[in-house]
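First comes the structure, then the notes that go with it.
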Amino acid sequence: MKKLVAGADEAIRDIPDDAVIMLGGFGLCGIPENCIEALSRSGIRRLTCISNNAGVDDFGLGVLLKTRQIKKMISSYVGENAEFERQLLCGELEVDLVPQGTLATRIQMAGMGIPAFFTPAGYGTEIAAGKEVRVFDGKPHLMEYALHADFAIVKAWKGDTLGNLVFRKTTRNFSTSMAKAGNITIVEVEHLVQPGQLDPDHIHVPGIYVHRIFQGGDYQRRIERKTVRLTDSKH
């Protein structure tokens, strides 16, 4: 199957309104910038986005929030986005906040074909409402379901035209699991190489999981909050 596509616009061409999509990265690190911009240009509406975070006001998923293309966010951290806060408080955005470890495991279980699992995280809080509880070794656990998506969109450091992927450092986080949890997986890479140029021992996601791949560009490498010195000079 030919997986190489010309660019982001072609890669996201058939994502419909009301789709459920996963977007890799952590904070602003390792996010699929080109695909997010393409989604913004496409005018797709009422998306459910699964992501560790919601970007910032003018970058990352914050771009899609600003254009009102997101109907629901499933995330674990959203503290850097004022527009997200405004839409949430005004009842304009559905939000499902999930403990970070639970979110990561729900995605991982989807990729592994495991439908549900039990975790102690969230027991005794609002997160537990309506969920099955079982006791293991005297400790209550909540049942959580695997989290699937229509499309998984991730960014890798290197990839070959067969879809084999290599990530750098913390950019691996959610992306390696998301790449296995979408019905269709779309990947943008910083460096696109030919088959055989990647060391098999260094591949983090094998190409069997990837449906579309393209060479990205113009990456901004932005930082959410830059700190260069302590605010209190006495310390």
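Chain lettering (A, B, ...) mirrors the order of the structure tokens, residue numbering begins at 1 for each chain separately, and ligand numbering begins at 1 in order of display.
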Using only C-alpha atoms, which residues of stretch 78-98 of chain A come within 12 Å of stretch 22-28 of chain A, and what is the closest atom pair for each, with the distance in Å to one decimal? Give it as a tab-separated table, sorted by chain and residue number.
```
residue	atom	partner	partner_atom	distance
A:Val78	CA	A:Gly27	CA	9.1
A:Gly79	CA	A:Gly27	CA	10.2
A:Glu80	CA	A:Gly27	CA	9.0
A:Asn81	CA	A:Gly27	CA	10.9
```
Go ahead and dump the residues you just picked, C-alpha atoms, as an mmCIF file, in the first residue's frame.
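Result file is selection_6.cif:
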```cif
data_model
loop_
_atom_site.group_PDB
_atom_site.id
_atom_site.type_symbol
_atom_site.label_atom_id
_atom_site.label_comp_id
_atom_site.auth_asym_id
_atom_site.auth_seq_id
_atom_site.Cartn_x
_atom_site.Cartn_y
_atom_site.Cartn_z
ATOM 1 C CA VAL A 78 -5.257 22.430 29.848
ATOM 2 C CA GLY A 79 -3.768 25.144 32.061
ATOM 3 C CA GLU A 80 -1.970 27.216 29.406
ATOM 4 C CA ASN A 81 -4.958 28.086 27.222
#
```
Stretch 28-116 of chain A residues near stretch 1-16 of chain A within 6 Å, closest pair each, using only C-alpha atoms, as a tab-separated table:
```
residue	atom	partner	partner_atom	distance
A:Asn34	CA	A:Ala8	CA	6.0
A:Cys35	CA	A:Ala8	CA	5.2
A:Ala38	CA	A:Asp9	CA	5.3
```
If you keep N, CA, C and O atoms, can you produce a file of those selected residues as an mmCIF file, in the first residue's frame?
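For reference, selection27.cif as written:
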```cif
data_model
loop_
_atom_site.group_PDB
_atom_site.id
_atom_site.type_symbol
_atom_site.label_atom_id
_atom_site.label_comp_id
_atom_site.auth_asym_id
_atom_site.auth_seq_id
_atom_site.Cartn_x
_atom_site.Cartn_y
_atom_site.Cartn_z
ATOM 1 N N ASN A 34 1.966 20.749 11.286
ATOM 2 C CA ASN A 34 1.488 20.895 9.911
ATOM 3 C C ASN A 34 0.060 20.399 9.759
ATOM 4 O O ASN A 34 -0.763 21.028 9.076
ATOM 5 N N CYS A 35 -0.267 19.279 10.404
ATOM 6 C CA CYS A 35 -1.619 18.730 10.289
ATOM 7 C C CYS A 35 -2.644 19.598 11.003
ATOM 8 O O CYS A 35 -3.783 19.737 10.533
ATOM 9 N N ALA A 38 -3.425 22.345 8.735
ATOM 10 C CA ALA A 38 -4.261 21.855 7.634
ATOM 11 C C ALA A 38 -5.706 21.663 8.088
ATOM 12 O O ALA A 38 -6.647 21.968 7.339
#
```
Nearby residues (only C-alpha atoms) at most 12 Å from A:Glu92, same-chain spacing under 6 positions excluded, as a PyMOL selection string: chain A and resi 46+65-66+68-73+83-86
Atom CA of A:Gln194 to atom CA of A:Lys158 measures 10.5 Å
Open item on the list: Residues near A:Asp218, anyone? I mean within 10 Å using only C-alpha atoms, not counting same-chain ones fewer than 2 positions away, as a PyMOL selection string.
Closed with: chain A and resi 33-34+190+216+220-221
Skipping near chain neighbours, those fewer than 4 positions away, what residues fall within 12 Å of A:Ile36 using only C-alpha atoms, listed as number ranges by chain? A: 8-9, 11-12, 21-24, 31-32, 40-44, 49, 54-55, 58-65, 67, 69-70, 153-155, 186-188, 216, 219
message = Which residues are near stretch 122-131 of chain A? Cut-off 10 Å, only C-alpha atoms, ignore same chain within fewer than 4 positions. Put them as JSON, numbers by chain.
response = {"A": [96, 97, 98, 99, 102, 139, 140, 141, 142, 143, 144, 145]}
As a check of understanding: the span from atom CA of A:Gly30 to atom CA of A:Leu93 is 24.7 Å
